[in-house]
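To start, the structure itself, in structure tokens.
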Amino acid sequence: MMRMATPRVPDPLGLRAWGRRAGRQAAAGAADAAGRGGVAILERALAWRYTEEGLDVLLGSPAAERAVRTLADGPLPDLAVRALVRHGIAGRVAEELLAEGVAAQLAERLLAGPELDAVVCAVVDDPRTHRLLVRLLESEGMDRLVAEVLESRLADAAVTRLLAGDELWRVVGAVVGSETVTGAITRQGAGLADQVAGELGERSRRADARLERAVGRLLHRRRDGARPTAAGDGSP
Amino acid sequence: MSAVAGSRPSPRAAAPPAAGAPTYIGLVTRAIAFAVDAAILNGVAIVVAAGVTLVLSVVSVSGDLEAWIAAAGGAAYLLWSVGYFATFWSTTGQTPGNRLMRIRVVAASGDAIRPRRAVLRFAALAVGAAALLAGIWLILIDERRRALHDFVARTVVVDERQAGRV
């Protein structure tokens, strides 16, 4: 379809342009006035005494809870986190926190409070920790690590330092002087003395019997079966 | 003997009787036990005598006093010997040597012997030993392996585990 060309009206005074400018200015003024009016209404609304109560009701309502849950379950938090990381905001926040000493305060608070103890106890008591530890200790990597540590200069230096210090000898002295060890040594010594005495007694009793048999033969006197022997199998 | 038992009950007499006859101890075992006792007895005496001699070596004493000290030393040694044997025989029935050899001196009834009888036993032991050990050789021919001092003191030497059933 062919478009019909509009015949150009001559405007020697520039009224058309003036009109367009006036229109734009009027529209801008109207928009400004509308904005100011809106802000004023908002300020009035916020200053209204029922606004706060209304907000409390709104925020405490199940609808607000549902809204927050929906927001949290949705993609928005992930997007926000990605945006924070991508734009370096998270790093800047962390640097700012470190510079302000927040990390140190946080660590201090954590160490002073009971939470750390509870966390450590929970971790240590957890059977998963035990399983992890067992798996770690039985792993080949741990074997290699231990072997490397033992072969390293660190182990030699530690042993040398241990032998040069007084601590080891204090420990050895305490162990040697402990009642358990001395009791065990005494028991073993008593057991040995008992064993030696028993063996000596047995041998001397056999010697008794041999000597008396020899004397009996010498005197041509046979003793009857009532004569006791070293083994105690006779009677007087 | 029964009077002794009645007046002074022995722990061994209270021990439960075990099956089998007692084993009387022969010459070799008793000789070893006596050797151990002699070593202890004389070891202590030698140490004491050495101490006294050391003291006397720095203190000048007259000859008469030395004679008296020697006599006192001899008396002390005799007393020490008698006391050693009499005490052990009349209490546990075992000197350290007897303990080592696991033998015990008891009365013929199985009870512990009284101190007076222990002293008598020691005196008889000394007499029997002095007569060329004639009192000791009796052990070899007596059926209960008794020596002269056992006859005199009416004692026997038995295995310590069988002391309650003599």
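By convention in this document, the chains of the structure tokens carry letters A, B, ... by their order, each chain's residues are numbered from 1, and ligands are numbered from 1 in the order they are shown.
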| task | Write out as a PyMOL selection string each polymer residue whose atoms come within 12 Å of B:Arg116, counting only C-alpha atoms; drop sequence neighbours fewer than 2 positions from it. | result | chain B and resi 4+82-83+85-87+89-91+112-114+118-123+153
| said: Give me, as a PyMOL selection string, the residues of chain B touching chain A, with the criterion being at most 6 Å (counting only C-alpha atoms). | reply: chain B and resi 21+23+26-29+100-101+140+143-144
Could you write out the selected residues, including C-alpha atoms, as a PDB file, in the first residue's frame?
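In the end it all went to again.pdb:
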```
ATOM      1  CA  ALA B  21      53.589 -89.594 105.579  1.00  0.00           C
ATOM      2  CA  THR B  23      59.357 -86.645 104.768  1.00  0.00           C
ATOM      3  CA  GLY B  26      68.530 -86.110 105.527  1.00  0.00           C
ATOM      4  CA  LEU B  27      72.084 -85.130 106.122  1.00  0.00           C
ATOM      5  CA  VAL B  28      72.913 -83.326 102.889  1.00  0.00           C
ATOM      6  CA  THR B  29      69.940 -80.991 102.988  1.00  0.00           C
ATOM      7  CA  LEU B 100      66.004 -71.723 101.917  1.00  0.00           C
ATOM      8  CA  MET B 101      65.952 -75.503 101.939  1.00  0.00           C
ATOM      9  CA  LEU B 140      72.364 -91.594 108.296  1.00  0.00           C
ATOM     10  CA  GLU B 143      64.840 -94.245 110.499  1.00  0.00           C
ATOM     11  CA  ARG B 144      63.500 -90.783 111.215  1.00  0.00           C
TER      12      ARG B 144
END
```
| Residues flagged helix (DSSP H, G or I) by DSSP in chain A, as a ChimeraX atom specification | /A:15-47,49-59,62-73,76-86,89-99,102-112,114-125,127-137,140-151,153-164,167-177,179-218
| message | I'd like the contact shell of A:Leu133 - 12 Å cut-off, only C-alpha atoms, skipping same-chain residues fewer than 6 positions apart - returned as a PyMOL selection string. | response | chain A and resi 123-124+126-127+139+142
| field | Among listed residues B:Ala147, B:Ile103, B:Ala33, B:Ala70, nearest B:Ala49 (using only C-alpha atoms) | value |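 For B:Ala49, the nearest of the given residues is B:Ala70.
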| message | As an exercise, work out the distance from atom CA of A:Ala64 to atom CA of A:Arg44 in Å and give it to one decimal place. | response |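 About the pair atom CA of A:Ala64 and atom CA of A:Arg44: they are 24.1 Å apart.
Put simply, atom CA of B:Val156 is 10.6 Å away from atom CA of B:Gly93.
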| field | Å distance separating atom CA of A:Arg66 from atom CA of A:Glu43, one decimal place | value |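 Taking atom CA of A:Arg66 as the start and atom CA of A:Glu43 as the end point, the length is 28.4 Å.
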